[in-house]
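File shown here: protein.pdb, holding PDB, C-alpha atoms.
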ATOM      1  CA  MET R   3     -21.645  30.698  18.026
ATOM      2  CA  ASN R   4     -19.861  27.578  19.296
ATOM      3  CA  PHE R   5     -22.919  26.734  21.385
ATOM      4  CA  ILE R   6     -25.165  27.022  18.302
ATOM      5  CA  HIS R   7     -22.680  24.992  16.241
ATOM      6  CA  LEU R   8     -22.353  22.184  18.796
ATOM      7  CA  PHE R   9     -26.089  21.675  19.208
ATOM      8  CA  ALA R  10     -26.696  22.112  15.469
ATOM      9  CA  ALA R  11     -24.236  19.241  14.916
ATOM     10  CA  ILE R  12     -26.147  17.018  17.364
ATOM     11  CA  ALA R  13     -29.590  17.987  16.028
ATOM     12  CA  ILE R  14     -28.601  17.552  12.366
ATOM     13  CA  TRP R  15     -26.933  14.212  13.038
ATOM     14  CA  LEU R  16     -30.068  13.012  14.840
ATOM     15  CA  ALA R  17     -32.233  14.410  12.029
ATOM     16  CA  SER R  18     -30.363  12.228   9.538
ATOM     17  CA  TYR R  19     -32.379   9.346  11.028
ATOM     18  CA  TYR R  20     -35.287  10.899   9.130
ATOM     19  CA  PRO R  21     -33.787  11.443   5.642
ATOM     20  CA  GLY R  22     -34.732  14.863   4.299
ATOM     21  CA  LEU R  23     -35.213  16.450   7.695
ATOM     22  CA  ASP R  24     -31.424  16.749   8.029
ATOM     23  CA  ILE R  25     -31.324  18.871   4.856
ATOM     24  CA  ILE R  26     -34.003  21.200   6.226
ATOM     25  CA  LEU R  27     -32.104  21.602   9.527
ATOM     26  CA  SER R  28     -28.868  22.167   7.642
ATOM     27  CA  LEU R  29     -30.506  25.034   5.753
ATOM     28  CA  LEU R  30     -31.885  26.307   9.072
ATOM     29  CA  TYR R  31     -28.327  26.262  10.427
ATOM     30  CA  LEU R  32     -27.128  28.471   7.548
ATOM     31  CA  PHE R  33     -30.080  30.779   8.180
ATOM     32  CA  VAL R  34     -29.270  31.035  11.909
ATOM     33  CA  ILE R  35     -25.631  31.848  11.084
ATOM     34  CA  SER R  36     -26.730  34.579   8.701
ATOM     35  CA  MET R  37     -29.027  36.005  11.380
ATOM     36  CA  GLU R  38     -26.219  35.870  13.938
ATOM     37  CA  ALA R  39     -23.933  37.622  11.466
ATOM     38  CA  GLY R  40     -26.656  40.191  10.945
ATOM     39  CA  ILE R  41     -26.794  41.129  14.612
ATOM     40  CA  THR R  42     -23.030  41.337  15.083
ATOM     41  CA  LYS R  43     -22.039  44.875  14.211
ATOM     42  CA  GLU R  44     -18.339  45.149  14.944
ATOM     43  CA  LYS R  45     -15.833  43.579  12.575
ATOM     44  CA  TRP R  46     -13.426  42.784  15.423
ATOM     45  CA  GLU R  47     -16.229  40.960  17.219
ATOM     46  CA  LYS R  48     -16.906  38.905  14.097
ATOM     47  CA  LYS R  49     -13.201  38.054  13.867
ATOM     48  CA  LYS R  50     -13.189  36.948  17.513
ATOM     49  CA  ILE R  51     -16.215  34.727  16.924
ATOM     50  CA  LEU R  52     -14.649  33.299  13.767
ATOM     51  CA  LEU R  53     -11.461  32.425  15.597
ATOM     52  CA  SER R  54     -13.238  30.306  18.207
ATOM     53  CA  TRP R  55     -15.825  28.892  15.765
ATOM     54  CA  GLN R  56     -13.638  28.065  12.756
ATOM     55  CA  GLY R  57     -10.193  28.010  14.408
ATOM     56  CA  PRO R  58     -10.303  24.313  15.393
ATOM     57  CA  ALA R  59     -11.647  23.417  11.940
ATOM     58  CA  MET R  60      -8.824  25.325  10.261
ATOM     59  CA  ILE R  61      -6.268  23.389  12.326
ATOM     60  CA  LEU R  62      -7.945  20.077  11.454
ATOM     61  CA  SER R  63      -8.098  21.031   7.787
ATOM     62  CA  LEU R  64      -4.401  21.971   7.737
ATOM     63  CA  LEU R  65      -3.509  18.753   9.567
ATOM     64  CA  SER R  66      -5.478  16.761   6.995
ATOM     65  CA  ILE R  67      -3.567  18.412   4.157
ATOM     66  CA  ALA R  68      -0.163  18.396   5.881
ATOM     67  CA  GLY R  69      -0.601  14.846   7.114
ATOM     68  CA  LEU R  70      -1.160  13.414   3.650
ATOM     69  CA  GLN R  71       2.062  11.452   3.917
ATOM     70  CA  MET R  72       1.317  10.300   7.465
ATOM     71  CA  ALA R  73      -1.800   8.213   6.938
ATOM     72  CA  ASP R  74      -2.915   7.851  10.556
ATOM     73  CA  LEU R  75      -2.618  11.570  11.292
ATOM     74  CA  SER R  76      -4.477  12.728   8.183
ATOM     75  CA  ASN R  77      -7.193  10.096   8.611
ATOM     76  CA  LEU R  78      -7.854  11.014  12.216
ATOM     77  CA  SER R  79      -7.915  14.746  11.547
ATOM     78  CA  PHE R  80     -10.240  14.263   8.582
ATOM     79  CA  PHE R  81     -12.555  12.130  10.737
ATOM     80  CA  LEU R  82     -12.686  14.948  13.289
ATOM     81  CA  LEU R  83     -13.183  17.512  10.518
ATOM     82  CA  GLU R  84     -16.225  15.554   9.323
ATOM     83  CA  PHE R  85     -17.667  15.553  12.840
ATOM     84  CA  TRP R  86     -16.976  19.270  13.160
ATOM     85  CA  PHE R  87     -18.857  20.033   9.969
ATOM     86  CA  THR R  88     -21.804  17.758  10.702
ATOM     87  CA  PRO R  89     -24.172  20.754  10.319
ATOM     88  CA  VAL R  90     -23.348  21.043   6.599
ATOM     89  CA  ILE R  91     -22.830  17.329   5.875
ATOM     90  CA  PRO R  92     -26.432  16.812   4.600
ATOM     91  CA  LEU R  93     -25.916  19.558   2.011
ATOM     92  CA  LEU R  94     -22.575  18.109   0.910
ATOM     93  CA  SER R  95     -24.198  14.698   0.522
ATOM     94  CA  LEU R  96     -26.407  16.141  -2.221
ATOM     95  CA  ILE R  97     -23.394  16.829  -4.447
ATOM     96  CA  ASN R  98     -21.715  13.778  -5.926
ATOM     97  CA  PRO R  99     -20.019  14.316  -9.268
ATOM     98  CA  GLY R 100     -17.899  11.173  -8.654
ATOM     99  CA  LEU R 101     -14.211  11.030  -7.839
ATOM    100  CA  ILE R 102     -11.774  13.836  -8.691
ATOM    101  CA  LEU R 103      -8.074  12.899  -8.463
ATOM    102  CA  ASP R 104      -8.998   9.774  -6.458
ATOM    103  CA  HIS R 105     -10.977  11.731  -3.874
ATOM    104  CA  PRO R 106     -14.693  12.483  -3.711
ATOM    105  CA  PHE R 107     -15.832  16.076  -4.256
ATOM    106  CA  TYR R 108     -16.960  16.420  -0.619
ATOM    107  CA  TYR R 109     -13.356  15.796   0.505
ATOM    108  CA  TYR R 110     -12.180  19.030  -1.136
ATOM    109  CA  LEU R 111     -15.251  20.942   0.045
ATOM    110  CA  LEU R 112     -14.674  19.849   3.655
ATOM    111  CA  LEU R 113     -11.028  20.932   3.504
ATOM    112  CA  LEU R 114     -12.200  24.318   2.213
ATOM    113  CA  MET R 115     -15.195  24.572   4.532
ATOM    114  CA  PRO R 116     -13.466  26.652   7.272
ATOM    115  CA  VAL R 117     -12.749  29.310   4.628
ATOM    116  CA  LEU R 118     -16.177  29.043   2.976
ATOM    117  CA  LEU R 119     -18.143  29.299   6.236
ATOM    118  CA  SER R 120     -15.883  32.081   7.534
ATOM    119  CA  ALA R 121     -16.453  34.107   4.372
ATOM    120  CA  TYR R 122     -20.196  33.422   4.546
ATOM    121  CA  TYR R 123     -20.331  34.699   8.133
ATOM    122  CA  TYR R 124     -17.860  37.553   7.823
ATOM    123  CA  PHE R 125     -19.208  39.191   4.696
ATOM    124  CA  LEU R 126     -22.885  39.069   5.607
ATOM    125  CA  PRO R 127     -23.932  42.647   6.369
ATOM    126  CA  TYR R 128     -25.039  43.957   9.736
ATOM    127  CA  LYS R 129     -28.812  44.471   9.812
ATOM    128  CA  THR R 130     -30.270  47.339  11.808
ATOM    129  CA  THR R 131     -33.569  46.633  13.542
ATOM    130  CA  GLN R 132     -36.106  49.363  13.845
TER
ATOM    131  CA  MET B  26     -32.547  46.298  21.610
ATOM    132  CA  LYS B  27     -34.939  43.955  23.454
ATOM    133  CA  LYS B  28     -36.156  42.489  20.141
ATOM    134  CA  LYS B  29     -32.553  41.865  19.139
ATOM    135  CA  GLN B  30     -31.799  40.112  22.441
ATOM    136  CA  PHE B  31     -34.881  37.911  22.093
ATOM    137  CA  ARG B  32     -33.885  36.956  18.548
ATOM    138  CA  SER B  33     -30.393  36.048  19.653
ATOM    139  CA  PHE B  34     -31.836  33.999  22.524
ATOM    140  CA  ALA B  35     -34.138  32.129  20.108
ATOM    141  CA  TYR B  36     -31.260  31.287  17.745
ATOM    142  CA  LEU B  37     -29.243  30.046  20.699
ATOM    143  CA  PHE B  38     -31.813  27.517  21.876
ATOM    144  CA  ILE B  39     -33.443  26.318  18.666
ATOM    145  CA  PHE B  40     -30.946  23.473  18.098
ATOM    146  CA  PRO B  41     -30.764  22.229  21.730
ATOM    147  CA  TYR B  42     -34.562  22.101  21.688
ATOM    148  CA  LEU B  43     -34.614  20.200  18.380
ATOM    149  CA  SER B  44     -31.914  17.806  19.679
ATOM    150  CA  LEU B  45     -34.066  16.959  22.662
ATOM    151  CA  ILE B  46     -37.180  16.349  20.559
ATOM    152  CA  LEU B  47     -35.287  14.201  18.035
ATOM    153  CA  THR B  48     -33.610  12.158  20.795
ATOM    154  CA  ILE B  49     -37.009  11.398  22.318
ATOM    155  CA  MET B  50     -38.502  10.513  18.916
ATOM    156  CA  ILE B  51     -35.639   8.162  18.000
ATOM    157  CA  CYS B  52     -35.676   6.523  21.446
ATOM    158  CA  LEU B  53     -39.432   5.924  21.257
ATOM    159  CA  ASP B  54     -39.017   4.545  17.724
ATOM    160  CA  ASN B  55     -36.310   2.111  18.838
ATOM    161  CA  TRP B  56     -37.163   1.320  22.440
ATOM    162  CA  ASN B  57     -36.491  -2.427  22.053
ATOM    163  CA  ILE B  58     -33.105  -1.810  20.457
ATOM    164  CA  ILE B  59     -32.025   0.699  23.091
ATOM    165  CA  ARG B  60     -32.755  -1.784  25.882
ATOM    166  CA  ASN B  61     -30.705  -4.483  24.110
ATOM    167  CA  LYS B  62     -27.187  -4.627  25.601
ATOM    168  CA  ASP B  63     -25.700  -6.312  22.480
ATOM    169  CA  THR B  64     -26.070  -3.268  20.266
ATOM    170  CA  VAL B  65     -23.292  -1.170  18.717
ATOM    171  CA  ILE B  66     -23.868   1.769  21.046
ATOM    172  CA  TYR B  67     -23.359  -0.383  24.178
ATOM    173  CA  THR B  68     -20.238  -1.943  22.656
ATOM    174  CA  TYR B  69     -18.927   1.559  22.033
ATOM    175  CA  ILE B  70     -19.730   2.749  25.566
ATOM    176  CA  GLU B  71     -18.087  -0.322  27.137
ATOM    177  CA  ASN B  72     -14.950   0.103  24.998
ATOM    178  CA  ALA B  73     -14.838   3.850  25.635
ATOM    179  CA  LYS B  74     -14.708   3.079  29.366
ATOM    180  CA  GLU B  75     -11.497   1.152  28.620
ATOM    181  CA  GLY B  76     -10.082   4.118  26.719
ATOM    182  CA  LYS B  77     -10.783   2.801  23.207
ATOM    183  CA  LEU B  78     -12.288   5.633  21.199
ATOM    184  CA  GLY B  79     -11.411   5.312  17.513
ATOM    185  CA  TYR B  80     -11.000   2.656  14.854
ATOM    186  CA  GLY B  81      -7.807   1.275  16.407
ATOM    187  CA  PHE B  82      -4.262   1.161  15.118
ATOM    188  CA  ASN B  83      -2.170  -1.584  13.637
ATOM    189  CA  LYS B  84       0.638  -2.381  16.041
ATOM    190  CA  GLY B  85       2.954  -3.422  13.239
ATOM    191  CA  SER B  86       1.818  -6.924  12.392
ATOM    192  CA  GLN B  87       0.422  -8.100   9.059
ATOM    193  CA  ASN B  88      -1.853 -10.999   8.306
ATOM    194  CA  HIS B  89      -0.859 -13.187   5.345
ATOM    195  CA  ILE B  90      -4.277 -14.286   4.237
ATOM    196  CA  THR B  91      -4.885 -15.486   0.715
ATOM    197  CA  PHE B  92      -7.700 -13.974  -1.314
ATOM    198  CA  LYS B  93      -7.735 -16.619  -4.060
ATOM    199  CA  ASP B  94     -10.983 -18.227  -2.840
ATOM    200  CA  LEU B  95     -12.975 -15.006  -2.951
ATOM    201  CA  GLU B  96     -16.018 -14.642  -5.196
ATOM    202  CA  GLU B  97     -17.827 -11.484  -6.203
ATOM    203  CA  GLY B  98     -20.079 -10.330  -3.364
ATOM    204  CA  ASP B  99     -18.005 -11.881  -0.560
ATOM    205  CA  ILE B 100     -17.405  -9.704   2.478
ATOM    206  CA  ILE B 101     -13.957  -8.888   3.887
ATOM    207  CA  LEU B 102     -13.508  -7.743   7.485
ATOM    208  CA  GLY B 103     -10.332  -6.131   8.810
ATOM    209  CA  GLY B 104      -9.538  -5.302  12.402
ATOM    210  CA  ASN B 105      -6.885  -3.626  14.508
ATOM    211  CA  SER B 106      -6.309  -3.502  18.237
ATOM    212  CA  ASP B 107      -8.237  -1.036  20.393
ATOM    213  CA  CYS B 108     -11.122  -0.529  17.984
ATOM    214  CA  ALA B 109     -13.978   1.147  19.848
ATOM    215  CA  TYR B 110     -16.928  -0.362  18.024
ATOM    216  CA  GLY B 111     -16.012  -4.025  17.981
ATOM    217  CA  TYR B 112     -13.514  -6.682  17.089
ATOM    218  CA  PHE B 113     -13.330  -5.607  13.441
ATOM    219  CA  SER B 114     -12.901  -2.000  12.383
ATOM    220  CA  HIS B 115     -13.450  -2.064   8.604
ATOM    221  CA  VAL B 116     -15.402  -3.964   5.972
ATOM    222  CA  GLY B 117     -15.496  -4.148   2.194
ATOM    223  CA  ILE B 118     -17.288  -6.133  -0.509
ATOM    224  CA  TYR B 119     -15.277  -8.092  -3.061
ATOM    225  CA  ALA B 120     -15.881  -6.773  -6.566
ATOM    226  CA  GLY B 121     -13.736  -9.299  -8.478
ATOM    227  CA  GLU B 122     -10.246  -8.984 -10.023
ATOM    228  CA  ASN B 123      -8.586  -8.229  -6.664
ATOM    229  CA  GLN B 124     -10.728  -5.127  -6.203
ATOM    230  CA  VAL B 125     -12.908  -4.284  -3.256
ATOM    231  CA  MET B 126     -15.684  -1.690  -2.917
ATOM    232  CA  GLU B 127     -15.624   0.060   0.431
ATOM    233  CA  ALA B 128     -16.291   3.363   2.141
ATOM    234  CA  TYR B 129     -13.701   5.430   3.940
ATOM    235  CA  ALA B 130     -13.611   8.933   5.441
ATOM    236  CA  ASP B 131     -11.433  10.756   2.919
ATOM    237  CA  LEU B 132     -12.166   8.497  -0.044
ATOM    238  CA  GLY B 133     -15.934   8.122   0.241
ATOM    239  CA  VAL B 134     -17.444   5.054  -1.431
ATOM    240  CA  HIS B 135     -14.704   3.818  -3.741
ATOM    241  CA  LEU B 136     -13.012   0.908  -5.477
ATOM    242  CA  GLN B 137      -9.694  -0.134  -3.954
ATOM    243  CA  ASP B 138      -7.085  -2.828  -4.408
ATOM    244  CA  ILE B 139      -7.695  -5.672  -1.961
ATOM    245  CA  SER B 140      -4.038  -5.859  -0.876
ATOM    246  CA  HIS B 141      -4.471  -3.245   1.867
ATOM    247  CA  TYR B 142      -6.407  -5.842   3.908
ATOM    248  CA  TRP B 143      -3.037  -7.486   4.582
ATOM    249  CA  ASP B 144      -2.262  -4.476   6.769
ATOM    250  CA  TYR B 145      -4.853  -5.448   9.360
ATOM    251  CA  GLU B 146      -3.918  -7.519  12.392
ATOM    252  CA  LYS B 147      -7.114  -9.536  12.050
ATOM    253  CA  VAL B 148      -8.960 -10.407   8.877
ATOM    254  CA  CYS B 149     -12.003 -12.511   8.104
ATOM    255  CA  LEU B 150     -13.487 -13.475   4.726
ATOM    256  CA  LEU B 151     -17.222 -14.163   4.694
ATOM    257  CA  ARG B 152     -19.551 -15.612   2.082
ATOM    258  CA  VAL B 153     -23.176 -14.582   1.761
ATOM    259  CA  GLU B 154     -25.512 -17.531   1.315
ATOM    260  CA  ALA B 155     -27.365 -16.228  -1.718
ATOM    261  CA  GLU B 156     -27.696 -16.686  -5.470
ATOM    262  CA  VAL B 157     -24.833 -15.370  -7.610
ATOM    263  CA  GLU B 158     -27.168 -12.889  -9.314
ATOM    264  CA  LYS B 159     -28.117 -11.269  -5.985
ATOM    265  CA  LYS B 160     -24.462 -10.949  -5.005
ATOM    266  CA  GLN B 161     -23.600  -9.325  -8.332
ATOM    267  CA  LYS B 162     -26.503  -6.923  -7.902
ATOM    268  CA  ALA B 163     -25.255  -6.079  -4.400
ATOM    269  CA  VAL B 164     -21.814  -5.212  -5.815
ATOM    270  CA  ALA B 165     -23.433  -3.146  -8.577
ATOM    271  CA  TYR B 166     -25.495  -1.322  -5.931
ATOM    272  CA  VAL B 167     -22.360  -0.315  -4.003
ATOM    273  CA  LYS B 168     -20.635   0.750  -7.247
ATOM    274  CA  SER B 169     -23.592   2.982  -8.113
ATOM    275  CA  PHE B 170     -22.753   5.110  -5.065
ATOM    276  CA  GLU B 171     -19.077   5.651  -5.933
ATOM    277  CA  GLY B 172     -17.985   9.039  -4.555
ATOM    278  CA  GLY B 173     -20.821   8.944  -1.993
ATOM    279  CA  LEU B 174     -20.306  10.675   1.326
ATOM    280  CA  PHE B 175     -18.800   8.724   4.215
ATOM    281  CA  TYR B 176     -20.118   9.674   7.624
ATOM    282  CA  PRO B 177     -18.993   7.524  10.559
ATOM    283  CA  LEU B 178     -22.246   7.780  12.519
ATOM    284  CA  ALA B 179     -24.620   7.255   9.600
ATOM    285  CA  PHE B 180     -27.967   5.829  10.668
ATOM    286  CA  LYS B 181     -29.477   2.960   8.680
ATOM    287  CA  PRO B 182     -32.231   4.956   6.921
ATOM    288  CA  GLY B 183     -31.368   6.999   3.839
ATOM    289  CA  ASP B 184     -28.960   6.652   0.934
ATOM    290  CA  ARG B 185     -26.859   9.829   1.118
ATOM    291  CA  LEU B 186     -24.670   9.158   4.172
ATOM    292  CA  TRP B 187     -22.630   5.972   4.292
ATOM    293  CA  ASN B 188     -20.112   4.174   6.411
ATOM    294  CA  CYS B 189     -18.213   1.054   5.455
ATOM    295  CA  SER B 190     -20.759  -1.292   7.064
ATOM    296  CA  LYS B 191     -23.968   0.491   6.099
ATOM    297  CA  ILE B 192     -23.287   0.503   2.343
ATOM    298  CA  ILE B 193     -22.769  -3.292   2.329
ATOM    299  CA  TRP B 194     -25.724  -3.988   4.602
ATOM    300  CA  LYS B 195     -27.945  -1.774   2.378
ATOM    301  CA  ALA B 196     -26.648  -3.400  -0.819
ATOM    302  CA  TYR B 197     -27.825  -6.802   0.387
ATOM    303  CA  TYR B 198     -30.944  -5.413   2.047
ATOM    304  CA  GLU B 199     -32.021  -4.095  -1.374
ATOM    305  CA  GLN B 200     -31.719  -7.681  -2.659
ATOM    306  CA  GLY B 201     -34.049  -8.940   0.098
ATOM    307  CA  LEU B 202     -31.303 -10.116   2.481
ATOM    308  CA  ASN B 203     -31.058  -8.537   5.921
ATOM    309  CA  LEU B 204     -27.544  -9.194   7.238
ATOM    310  CA  ASP B 205     -28.319  -7.541  10.567
ATOM    311  CA  PRO B 206     -30.419  -9.991  12.586
ATOM    312  CA  ALA B 207     -30.525  -7.635  15.609
ATOM    313  CA  ASN B 208     -32.049  -4.771  13.574
ATOM    314  CA  ASP B 209     -29.722  -2.341  15.309
ATOM    315  CA  LEU B 210     -29.790   1.447  14.819
ATOM    316  CA  TRP B 211     -26.291   1.338  13.327
ATOM    317  CA  ILE B 212     -24.304  -1.303  11.506
ATOM    318  CA  ALA B 213     -20.760  -2.170  12.560
ATOM    319  CA  PRO B 214     -18.371  -4.619  10.863
ATOM    320  CA  ASP B 215     -18.944  -7.127  13.702
ATOM    321  CA  THR B 216     -22.635  -7.249  12.758
ATOM    322  CA  PHE B 217     -21.736  -9.370   9.732
ATOM    323  CA  CYS B 218     -20.063 -11.986  11.948
ATOM    324  CA  ASP B 219     -23.357 -12.561  13.756
ATOM    325  CA  SER B 220     -25.477 -12.926  10.644
ATOM    326  CA  PRO B 221     -26.849 -16.438  10.005
ATOM    327  CA  LEU B 222     -26.761 -15.642   6.274
ATOM    328  CA  LEU B 223     -22.951 -15.537   6.257
ATOM    329  CA  THR B 224     -20.372 -18.279   6.560
ATOM    330  CA  ILE B 225     -16.672 -17.862   7.273
ATOM    331  CA  ILE B 226     -14.449 -18.766   4.312
ATOM    332  CA  THR B 227     -11.231 -18.198   6.208
ATOM    333  CA  GLU B 228      -9.828 -15.908   8.888
ATOM    334  CA  LYS B 229      -6.511 -14.875  10.398
ATOM    335  CA  GLY B 230      -5.453 -13.225  13.623
ATOM    336  CA  ARG B 231      -8.344 -14.274  15.845
TER
END
Would you mind writing the file out in structure tokens?
Amino acid sequence: MNFIHLFAAIAIWLASYYPGLDIILSLLYLFVISMEAGITKEKWEKKKILLSWQGPAMILSLLSIAGLQMADLSNLSFFLLEFWFTPVIPLLSLINPGLILDHPFYYYLLLLMPVLLSAYYYFLPYKTTQ
Amino acid sequence: MKKKQFRSFAYLFIFPYLSLILTIMICLDNWNIIRNKDTVIYTYIENAKEGKLGYGFNKGSQNHITFKDLEEGDIILGGNSDCAYGYFSHVGIYAGENQVMEAYADLGVHLQDISHYWDYEKVCLLRVEAEVEKKQKAVAYVKSFEGGLFYPLAFKPGDRLWNCSKIIWKAYYEQGLNLDPANDLWIAPDTFCDSPLLTIITEKGR
């Protein structure tokens, strides 16, 4: 999964050079994740994959929240969090309801993204192939 | 089982394959820029070799620049030591009444008090040589994207992903003024220093 994620980040970033294509690849990324979830049968295996795939993002997200009073730390971790979630950035860029409590909506979504993507992957059912 | 393995294999290599194709397409599209050693990417590579990777950190000093001469549409550059992508690390556009429109990672495109530019080691105030109406329209353009998504490596095309330099470059570009004479793939704060359409009002720390 980390291999897919890493190259999806590169491909989707490069695709943002052609506006619109990045959105299509971002949707493709979600599709590939759902397919990967569909071929992973064991729950413990899914948990193992989640730990390596979303573990670093969870740490960065917690650092961003915990480091709110230490500007440099929270800024750096949020920068890295944005890079980590490059595959979903084009989709987040479509939602802009303005600022909420002095932060843009995407800020809160990115902090929650490790949980959202984990739930998306974990709860997708295993698909049997005939 | 074989079908399953093939599917998994296909999912694994779809994005590396797309990355390769897109890299080739972008390189072919920008061959002249890629060969130019004065571009942002070369600056970044050269600085990375010296261990500079991020936007730099203030080593404790403050500049004491005065903002009283600023007019709406003026550009403010701020810089700290060890910035990877140039001499200056941040840029904003003056929106009047001691407010500046800028883009930042956790704040997106937003309006901020200008006083935080005192916290940079280096600061430079620039004036765009253009009619007042165009400058006001440029400020209005940036304001229209308030809450917009900040992405550090945003390419020039498109109006969904922004960084601090791109939003200001695009605001003036929409008014018929190209502040990037090199037509680089990315815009960095230093780009504005090289523009013949800008003059320095005042600077500190250089």
Restrict the distance test to only C-alpha atoms, flag each residue of chain B within 8 Å of chain R, and return the flagged residues as a ChimeraX atom specification. /B:29,33,36-38,40-41,43-44,47-48,51,130-133,171-174,176-183,185-186
When you count only C-alpha atoms, which of these residues is closest to Tyr124 (chain R): R:Ala39, R:Ser54, R:Val90, R:Met60? R:Ala39
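When CA of Leu62 (chain R) is paired with CA of Gly40 (chain R), their separation reads 27.5 Å.
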Work out how far apart CA of Asn55 (chain B) and CA of Phe170 (chain B) are and give it in Å to one decimal. 27.6 Å
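Among the candidates B:Leu151, B:Lys159, B:Trp194, B:Glu96, the residue lying nearest to Asp209 (chain B) is B:Trp194 (atoms considered: only C-alpha atoms).
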Show which residues sit within 9 Å of Leu52 (chain R), as a PyMOL selection string. Count all atoms listed in the file, and ignore same-chain residues fewer than 3 positions away. chain R and resi 3+47-49+55-57+120+123-124
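The space separating CA of Ala109 (chain B) from CA of Ile67 (chain R) comes to 25.5 Å.
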List the neighbours of Lys62 (chain B) out to 12 Å using all atoms listed in the file; skip same-chain residues closer than 6 positions along the sequence, and give me the result as a ChimeraX atom specification. /B:68-71,207,209
Output file for the selection above: C-alpha atoms, as a JSON list (two decimals), in the coordinates of the input:
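selection_20.json, written as the output of this step:
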[["chain", "number", "residue", "atom", "x", "y", "z"],
["B", 68, "THR", "CA", -20.24, -1.94, 22.66],
["B", 69, "TYR", "CA", -18.93, 1.56, 22.03],
["B", 70, "ILE", "CA", -19.73, 2.75, 25.57],
["B", 71, "GLU", "CA", -18.09, -0.32, 27.14],
["B", 207, "ALA", "CA", -30.52, -7.64, 15.61],
["B", 209, "ASP", "CA", -29.72, -2.34, 15.31]]
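Among the candidate residues B:Glu199, B:Glu154, B:Glu146, B:Glu122, the one lying nearest to Glu228 (chain B) is B:Glu146, with distances computed using all atoms listed in the file.
For the choices B:Gln137, B:Asn123, B:Ser106, B:Asn188, the atom-to-atom distance to Asn72 (chain B) is smallest for B:Ser106 when using only C-alpha atoms.
With distances taken over all atoms listed in the file, B:Lys229 is the one residue among B:Ile39, B:Thr224, B:Lys229, B:Ala165 lying closest to Asn105 (chain B).
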Residue by residue, what does the PyMOL selection byres ((chain B and resi 136) around 8) grab here? Present the result as number ranges by chain. B: 124-127, 134-135, 137-138, 168, 171
Would you compute, for all listed atoms of region 27-36 of chain R, the axis-aligned bounding box grown by 5 Å on each side, and then report its centre and edge lengths in Å rounded to one decimal, as lines of an AutoDock Vina configuration file?
center_x = -28.9
center_y = 28.1
center_z = 8.8
size_x = 16.5
size_y = 23.0
size_z = 16.2
Might you pull out every residue within 12 Å of Ser220 (chain B), with only C-alpha atoms counted and same-chain residues fewer than 4 positions away left off, and present them as a list in words? Ile100, Leu151, Arg152, Val153, Glu154, Trp194, Leu202, Asn203, Leu204, Asp205, Pro206, Ala207, Asn208, Ile212, Ala213, Pro214, Asp215, Thr216, Thr224 and Ile225 of chain B
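Each of R:Ser36, R:Lys45, R:Leu23, R:Val117 was compared to Ser63 (chain R) using only C-alpha atoms, and R:Val117 turns out to be the nearest.
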Missing atoms in region 39-47 of chain B: fill them in up to N, CA, C and O atoms and send the result as a tab-separated table (two decimals), keeping the file's coordinate frame.
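And here is the file that came out, part_14.tsv:
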chain	number	residue	atom	x	y	z
B	39	ILE	N	-32.66	27.09	19.64
B	39	ILE	CA	-33.44	26.32	18.67
B	39	ILE	C	-32.87	24.90	18.47
B	39	ILE	O	-33.61	23.91	18.46
B	40	PHE	N	-31.53	24.79	18.36
B	40	PHE	CA	-30.95	23.47	18.10
B	40	PHE	C	-30.91	22.57	19.34
B	40	PHE	O	-31.17	21.37	19.21
B	41	PRO	N	-30.64	23.10	20.55
B	41	PRO	CA	-30.76	22.23	21.73
B	41	PRO	C	-32.18	21.67	21.87
B	41	PRO	O	-32.38	20.50	22.20
B	42	TYR	N	-33.16	22.51	21.59
B	42	TYR	CA	-34.56	22.10	21.69
B	42	TYR	C	-34.86	21.00	20.67
B	42	TYR	O	-35.46	19.97	20.99
B	43	LEU	N	-34.40	21.21	19.43
B	43	LEU	CA	-34.61	20.20	18.38
B	43	LEU	C	-33.88	18.90	18.71
B	43	LEU	O	-34.39	17.81	18.46
B	44	SER	N	-32.69	19.01	19.29
B	44	SER	CA	-31.91	17.81	19.68
B	44	SER	C	-32.70	16.97	20.67
B	44	SER	O	-32.76	15.74	20.56
B	45	LEU	N	-33.30	17.66	21.63
B	45	LEU	CA	-34.07	16.96	22.66
B	45	LEU	C	-35.27	16.24	22.05
B	45	LEU	O	-35.51	15.06	22.32
B	46	ILE	N	-36.00	16.95	21.20
B	46	ILE	CA	-37.18	16.35	20.56
B	46	ILE	C	-36.78	15.14	19.72
B	46	ILE	O	-37.40	14.07	19.79
B	47	LEU	N	-35.72	15.30	18.91
B	47	LEU	CA	-35.29	14.20	18.04
B	47	LEU	C	-34.79	13.00	18.83
B	47	LEU	O	-35.06	11.85	18.47
